[in-house]
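J.: Below is the file upload.txt, which contains compact mmCIF, C-alpha atoms and all ligand atoms.
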```txt
# COMPACT_ATOMS: atom_id res chain seq x y z
CA MET A 411 -23.58 22.59 -27.16
CA ALA A 412 -26.37 20.16 -27.88
CA SER A 413 -26.54 18.87 -31.41
CA ILE A 414 -30.34 18.89 -31.42
CA GLU A 415 -32.56 20.37 -28.76
CA LEU A 416 -36.32 20.24 -28.35
CA LYS A 417 -37.79 22.98 -26.16
CA ASP A 418 -41.35 22.49 -24.93
CA VAL A 419 -42.36 21.04 -28.29
CA GLU A 420 -46.01 20.32 -28.99
CA LYS A 421 -48.01 19.01 -31.92
CA TRP A 422 -51.70 19.17 -32.61
CA PHE A 423 -53.51 17.48 -35.47
CA GLY A 424 -56.69 19.55 -35.51
CA GLU A 425 -58.22 19.20 -32.05
CA VAL A 426 -56.02 16.28 -31.07
CA GLN A 427 -52.75 16.88 -29.24
CA VAL A 428 -50.27 14.10 -30.05
CA ILE A 429 -47.02 15.63 -28.67
CA LYS A 430 -47.14 17.32 -25.27
CA GLY A 431 -44.41 19.57 -23.86
CA VAL A 432 -41.35 17.58 -24.92
CA ASP A 433 -37.98 18.90 -23.67
CA LEU A 434 -34.90 17.01 -24.79
CA ALA A 435 -31.25 17.88 -25.44
CA ILE A 436 -29.36 15.45 -27.66
CA GLU A 437 -25.58 15.72 -27.51
CA GLU A 438 -23.34 15.66 -30.54
CA GLY A 439 -22.50 12.06 -31.45
CA GLU A 440 -25.16 10.58 -29.22
CA PHE A 441 -27.26 7.57 -30.29
CA VAL A 442 -30.74 8.32 -28.95
CA ILE A 443 -33.64 5.93 -29.36
CA PHE A 444 -37.34 6.79 -29.06
CA VAL A 445 -39.38 3.84 -27.83
CA GLY A 446 -42.98 3.43 -26.85
CA PRO A 447 -46.14 1.66 -27.92
CA SER A 448 -47.75 2.13 -31.31
CA GLY A 449 -49.47 5.52 -31.63
CA CYS A 450 -47.52 7.23 -28.80
CA GLY A 451 -46.04 9.82 -31.18
CA LYS A 452 -42.55 8.48 -32.03
CA SER A 453 -42.82 9.02 -35.79
CA THR A 454 -44.49 12.40 -35.38
CA LEU A 455 -41.68 13.63 -33.12
CA LEU A 456 -39.00 12.36 -35.52
CA ARG A 457 -40.78 13.92 -38.50
CA MET A 458 -40.98 17.22 -36.60
CA ILE A 459 -37.20 17.11 -36.06
CA ALA A 460 -36.74 16.37 -39.78
CA GLY A 461 -39.10 19.21 -40.68
CA LEU A 462 -41.55 16.89 -42.44
CA GLU A 463 -44.21 17.93 -39.90
CA GLY A 464 -44.67 21.46 -38.61
CA THR A 465 -44.29 22.31 -34.91
CA SER A 466 -47.46 23.66 -33.26
CA ARG A 467 -45.59 25.11 -30.28
CA GLY A 468 -42.06 25.21 -28.92
CA GLN A 469 -38.65 25.26 -30.57
CA ILE A 470 -36.35 22.87 -32.38
CA MET A 471 -32.69 23.86 -32.27
CA VAL A 472 -30.09 22.31 -34.60
CA GLY A 473 -26.69 23.29 -33.25
CA ASP A 474 -27.09 26.96 -32.35
CA ARG A 475 -29.72 27.56 -35.07
CA ASP A 476 -33.43 27.83 -34.42
CA ALA A 477 -34.64 25.37 -37.08
CA THR A 478 -38.30 25.37 -36.06
CA ALA A 479 -39.45 27.11 -39.23
CA GLU A 480 -36.77 25.74 -41.58
CA PRO A 481 -37.77 23.39 -44.40
CA PRO A 482 -36.25 19.86 -44.28
CA SER A 483 -33.58 20.67 -46.89
CA LYS A 484 -32.15 23.48 -44.75
CA ARG A 485 -31.80 21.48 -41.54
CA GLY A 486 -28.80 19.38 -42.60
CA LEU A 487 -30.36 16.20 -41.20
CA ALA A 488 -30.75 12.92 -43.07
CA MET A 489 -33.85 10.81 -42.80
CA VAL A 490 -32.80 7.26 -43.74
CA PHE A 491 -35.41 5.57 -45.88
CA GLN A 492 -35.75 1.86 -46.41
CA SER A 493 -33.90 0.06 -49.16
CA TYR A 494 -36.93 -0.27 -51.45
CA ALA A 495 -36.44 3.40 -52.29
CA LEU A 496 -33.27 2.65 -54.34
CA TYR A 497 -33.27 3.41 -58.08
CA PRO A 498 -33.20 -0.02 -59.79
CA HIS A 499 -31.66 1.22 -63.06
CA MET A 500 -28.71 2.95 -61.34
CA SER A 501 -25.52 1.40 -60.00
CA VAL A 502 -24.69 1.50 -56.30
CA ALA A 503 -22.31 4.43 -56.92
CA GLU A 504 -24.96 6.33 -58.91
CA ASN A 505 -27.58 5.69 -56.24
CA MET A 506 -25.26 6.97 -53.54
CA GLY A 507 -24.15 10.01 -55.56
CA PHE A 508 -27.59 10.95 -56.87
CA SER A 509 -28.48 13.62 -54.33
CA LEU A 510 -25.03 15.21 -54.71
CA LYS A 511 -25.46 15.34 -58.47
CA ALA A 512 -28.90 16.91 -58.02
CA ALA A 513 -27.28 19.49 -55.70
CA GLY A 514 -24.71 20.37 -58.38
CA VAL A 515 -21.67 18.84 -56.68
CA LYS A 516 -18.81 18.35 -59.18
CA PRO A 517 -17.96 14.77 -60.33
CA ALA A 518 -14.55 14.58 -58.60
CA GLU A 519 -15.98 15.69 -55.27
CA ARG A 520 -18.95 13.34 -55.73
CA GLU A 521 -16.62 10.45 -56.33
CA ARG A 522 -14.63 11.28 -53.20
CA GLN A 523 -17.74 11.37 -51.02
CA VAL A 524 -19.21 8.19 -52.50
CA ALA A 525 -15.87 6.38 -52.00
CA GLU A 526 -15.75 7.53 -48.39
CA ALA A 527 -19.32 6.39 -47.70
CA ALA A 528 -18.64 3.06 -49.44
CA ARG A 529 -15.64 2.56 -47.18
CA ALA A 530 -17.67 3.25 -44.03
CA LEU A 531 -20.29 0.74 -45.17
CA ARG A 532 -17.87 -1.80 -46.68
CA LEU A 533 -19.48 -1.46 -50.10
CA GLU A 534 -16.30 -0.69 -52.11
CA GLU A 535 -16.54 -3.96 -54.04
CA TYR A 536 -20.14 -3.36 -55.09
CA LEU A 537 -20.09 0.17 -56.49
CA ASP A 538 -20.75 -0.97 -60.09
CA ARG A 539 -23.59 -3.36 -59.26
CA ARG A 540 -27.32 -2.74 -59.61
CA PRO A 541 -29.49 -3.03 -56.50
CA ARG A 542 -31.06 -6.29 -57.76
CA ASP A 543 -27.62 -7.97 -57.66
CA LEU A 544 -27.17 -7.23 -53.95
CA SER A 545 -28.32 -9.01 -50.81
CA GLY A 546 -31.01 -7.42 -48.63
CA GLY A 547 -28.42 -6.28 -46.11
CA GLN A 548 -26.23 -4.72 -48.81
CA ARG A 549 -29.24 -2.88 -50.25
CA GLN A 550 -30.07 -1.49 -46.84
CA ARG A 551 -26.47 -0.29 -46.53
CA VAL A 552 -26.72 1.48 -49.90
CA ALA A 553 -29.89 3.20 -48.67
CA ILE A 554 -27.91 4.44 -45.66
CA GLY A 555 -25.01 5.38 -47.96
CA ARG A 556 -27.25 7.73 -49.88
CA SER A 557 -27.67 9.77 -46.70
CA ILE A 558 -24.04 9.57 -45.57
CA VAL A 559 -22.67 11.30 -48.68
CA ARG A 560 -24.52 14.46 -47.71
CA GLU A 561 -22.52 14.59 -44.45
CA PRO A 562 -25.55 15.35 -42.29
CA THR A 563 -25.46 16.78 -38.77
CA ALA A 564 -27.59 13.83 -37.66
CA PHE A 565 -29.23 10.69 -39.01
CA LEU A 566 -32.90 10.05 -38.35
CA PHE A 567 -34.21 6.48 -38.62
CA ASP A 568 -37.87 5.48 -38.34
CA GLU A 569 -38.11 1.74 -37.62
CA PRO A 570 -35.58 0.97 -40.37
CA LEU A 571 -35.52 -2.74 -39.62
CA SER A 572 -39.21 -3.43 -39.07
CA ASN A 573 -39.83 -4.96 -42.52
CA LEU A 574 -36.78 -7.23 -42.47
CA ASP A 575 -36.75 -10.89 -41.51
CA ALA A 576 -35.25 -11.85 -38.17
CA SER A 577 -31.72 -12.78 -39.31
CA LEU A 578 -31.33 -9.71 -41.50
CA ARG A 579 -32.59 -7.60 -38.61
CA VAL A 580 -29.79 -8.89 -36.38
CA GLU A 581 -27.23 -8.29 -39.16
CA MET A 582 -28.44 -4.72 -39.73
CA ARG A 583 -28.55 -3.94 -36.02
CA TYR A 584 -24.85 -4.80 -35.94
CA GLU A 585 -24.20 -2.73 -39.09
CA ILE A 586 -25.89 0.33 -37.61
CA ALA A 587 -23.95 0.01 -34.35
CA LYS A 588 -20.72 -0.18 -36.34
CA LEU A 589 -21.71 2.74 -38.52
CA HIS A 590 -22.27 4.85 -35.43
CA GLN A 591 -18.81 3.91 -34.14
CA THR A 592 -17.23 4.78 -37.50
CA LEU A 593 -19.03 8.05 -38.25
CA LYS A 594 -19.51 9.20 -34.65
CA SER A 595 -22.55 11.18 -35.85
CA THR A 596 -25.65 11.97 -33.88
CA MET A 597 -28.33 9.35 -34.52
CA ILE A 598 -31.99 9.46 -33.56
CA TYR A 599 -33.70 6.16 -34.04
CA VAL A 600 -37.32 5.13 -33.57
CA THR A 601 -38.32 1.59 -32.72
CA HIS A 602 -40.95 -0.30 -30.78
CA ASP A 603 -38.46 -3.14 -30.30
CA GLN A 604 -37.03 -3.12 -26.76
CA ILE A 605 -34.07 -5.34 -27.65
CA GLU A 606 -33.05 -3.03 -30.47
CA ALA A 607 -33.28 -0.07 -28.09
CA MET A 608 -31.35 -1.74 -25.26
CA THR A 609 -28.52 -2.90 -27.54
CA LEU A 610 -28.05 0.23 -29.69
CA ALA A 611 -28.84 3.28 -27.57
CA ASP A 612 -26.60 5.60 -25.57
CA ARG A 613 -29.85 6.96 -24.18
CA ILE A 614 -33.44 5.81 -24.49
CA VAL A 615 -36.41 8.17 -24.50
CA VAL A 616 -39.58 6.35 -23.45
CA LEU A 617 -42.68 8.02 -24.85
CA SER A 618 -46.19 7.50 -23.55
CA ALA A 619 -49.18 9.22 -25.15
CA GLY A 620 -47.07 12.06 -26.57
CA GLN A 621 -45.08 12.73 -23.40
CA ILE A 622 -41.66 11.68 -22.16
CA ALA A 623 -42.15 9.02 -19.50
CA GLN A 624 -38.41 8.72 -18.81
CA VAL A 625 -35.00 9.41 -20.37
CA GLY A 626 -31.89 7.47 -19.43
CA THR A 627 -29.22 5.00 -20.43
CA PRO A 628 -30.44 1.44 -21.03
CA LYS A 629 -28.90 0.48 -17.67
CA GLU A 630 -30.61 3.34 -15.79
CA LEU A 631 -34.00 2.51 -17.26
CA TYR A 632 -33.57 -1.17 -16.55
CA GLU A 633 -32.38 -0.71 -12.98
CA HIS A 634 -34.42 2.36 -12.00
CA PRO A 635 -37.58 2.59 -14.08
CA ALA A 636 -39.51 5.72 -13.09
CA ASN A 637 -42.86 3.96 -13.09
CA LEU A 638 -44.65 0.76 -13.97
CA PHE A 639 -45.20 1.83 -17.59
CA VAL A 640 -41.45 2.15 -18.16
CA ALA A 641 -40.73 -1.03 -16.22
CA GLN A 642 -43.18 -3.02 -18.31
CA PHE A 643 -41.96 -1.49 -21.53
CA ILE A 644 -38.26 -2.03 -20.84
CA GLY A 645 -38.87 -5.43 -19.28
CA SER A 646 -37.16 -4.64 -15.98
CA PRO A 647 -38.02 -6.68 -12.88
CA LYS A 648 -39.79 -3.96 -10.87
P1 LIG B 701 -46.01 6.04 -33.46
O1 LIG B 701 -44.98 6.32 -34.50
O2 LIG B 701 -45.48 6.09 -32.07
O3 LIG B 701 -46.73 4.75 -33.71
P2 LIG B 701 -47.36 8.34 -34.60
O4 LIG B 701 -46.43 9.46 -34.38
O5 LIG B 701 -47.40 7.76 -35.97
O6 LIG B 701 -47.13 7.20 -33.52
O7 LIG B 701 -48.84 8.83 -34.25
C1 LIG B 701 -49.16 9.47 -33.03
C2 LIG B 701 -50.63 9.85 -33.05
O8 LIG B 701 -50.86 10.88 -34.00
C3 LIG B 701 -51.55 8.70 -33.43
O9 LIG B 701 -52.73 8.79 -32.66
C4 LIG B 701 -51.84 8.97 -34.89
O10 LIG B 701 -53.09 8.45 -35.25
C5 LIG B 701 -51.84 10.48 -34.95
N1 LIG B 701 -51.42 11.00 -36.25
C6 LIG B 701 -50.24 10.78 -36.87
N2 LIG B 701 -50.16 11.45 -38.04
C7 LIG B 701 -51.35 12.10 -38.18
C8 LIG B 701 -51.90 12.96 -39.16
N3 LIG B 701 -51.20 13.30 -40.26
N4 LIG B 701 -53.15 13.45 -38.96
C9 LIG B 701 -53.85 13.14 -37.85
N5 LIG B 701 -53.39 12.33 -36.87
C10 LIG B 701 -52.15 11.81 -37.02
MG MG B 702 -44.32 5.19 -36.16
```
Rewrite the structure of this file - the entire thing - as structure tokens.
T.:
Amino acid sequence: MASIELKDVEKWFGEVQVIKGVDLAIEEGEFVIFVGPSGCGKSTLLRMIAGLEGTSRGQIMVGDRDATAEPPSKRGLAMVFQSYALYPHMSVAENMGFSLKAAGVKPAERERQVAEAARALRLEEYLDRRPRDLSGGQRQRVAIGRSIVREPTAFLFDEPLSNLDASLRVEMRYEIAKLHQTLKSTMIYVTHDQIEAMTLADRIVVLSAGQIAQVGTPKELYEHPANLFVAQFIGSPK
């Protein structure tokens, strides 16, 4: 059973169609990356999966549920926001446990889930610190930790590293790869950075003007690009 499946999904903003007949089955535990030039519809497609944008046509399945009409909170997916969204006056543990507290989860259970997330992200030593006393990379990990505690079916990332400087970007790329190995959760990740896509993805989905140009492993796309657009985007020698 696919973890997330898009069936002939389309999106119109008024008269303008930005997503056109997208079919895609994402397996449980898969790391799938959407790439493509600016404006091709990557964020819109991710936001539709999250439920932050409505679907004009087609179906979005989460597990065996039709989630097309479900609000974001019902889908069990976590959109990972960037680290600037941390609460400055709360400790790392409080930041990570906040959504659980808001959902009425009891303190003992909250503590267990926060401890587990902190272990996965190697943040155990920092649970009592405030965000301002952390490095940029640690803050980004706390931002991810806030989603992990909710034990989502899948993580959705929209260019999470685009505002970071080059060295932190390399560090976080490594962190995210390790996190995927540890959690083994489904991850859907948007980037316009080919290197990020080639190093992180199990499968890459190349989007062009709201349509899928090609889907494949990094190796498949590199060695057998379906057309010149994909070849140029992936940087393969066609
Ligand atoms: P990407 O993330 O690949 O850069 P987007 O998904 O943000 O692309 O945008 C795809 C297209 O949809 C663009 O032409 C953009 O201008 C348009 N678009 C995105 N959001 C809206 C909106 N809320 N209203 C109207 N047009 C939008
Ligand atoms: Mg975008």
J.: Which residues come within 9 Å of segment 424-431 of chain A, counting all atoms listed in the file, excluding same-chain residues fewer than 2 positions away, as number ranges by chain?
T.: A: 417-422, 433, 449-451, 454-455, 467-468, 619-622
J.: Nearest residue to Met597 of chain A out of A:Pro562, A:Gly473, A:Gly546, A:Pro498, using only C-alpha atoms?
T.: A:Pro562
J.: Residues within 12 Å of ligand MG 702 (chain B) (all atoms listed in the file), as a VMD selection string?
T.: chain A and resid 444 to 457 567 to 570 572 599 to 603 617
J.: For the point (-19.0, -0.3, -45.9) in the file's frame, write as a short mmCIF file (atom, residue, chain, number, x, y, z; two decimals) with C-alpha atoms, keeping the file's coordinate frame all residues with an atom no more than 9 Å away, counting all atoms listed in the file.
T.:
```cif
data_model
loop_
_atom_site.label_atom_id
_atom_site.label_comp_id
_atom_site.auth_asym_id
_atom_site.auth_seq_id
_atom_site.Cartn_x
_atom_site.Cartn_y
_atom_site.Cartn_z
CA GLU A 526 -15.75 7.53 -48.39
CA ALA A 527 -19.32 6.39 -47.70
CA ALA A 528 -18.64 3.06 -49.44
CA ARG A 529 -15.64 2.56 -47.18
CA ALA A 530 -17.67 3.25 -44.03
CA LEU A 531 -20.29 0.74 -45.17
CA ARG A 532 -17.87 -1.80 -46.68
CA LEU A 533 -19.48 -1.46 -50.10
CA GLU A 534 -16.30 -0.69 -52.11
CA GLN A 548 -26.23 -4.72 -48.81
CA ARG A 551 -26.47 -0.29 -46.53
CA VAL A 552 -26.72 1.48 -49.90
CA GLY A 555 -25.01 5.38 -47.96
CA GLU A 585 -24.20 -2.73 -39.09
CA LEU A 589 -21.71 2.74 -38.52
#
```
J.: Of the residues A:Ile605, A:Val616, A:Gly439, A:Ala488, which is the one nearest to ligand LIG 701 (chain B), using all atoms listed in the file?
T.: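 Comparing A:Ile605, A:Val616, A:Gly439, A:Ala488 against ligand LIG 701 (chain B), the winner is A:Val616.
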J.: Using all atoms listed in the file, pick whichever of A:Leu487, A:Leu574, A:Met608, A:Val615 has the shortest atom-to-atom distance to ligand LIG 701 (chain B).
T.: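 Smallest separation from ligand LIG 701 (chain B) among the options: A:Val615.
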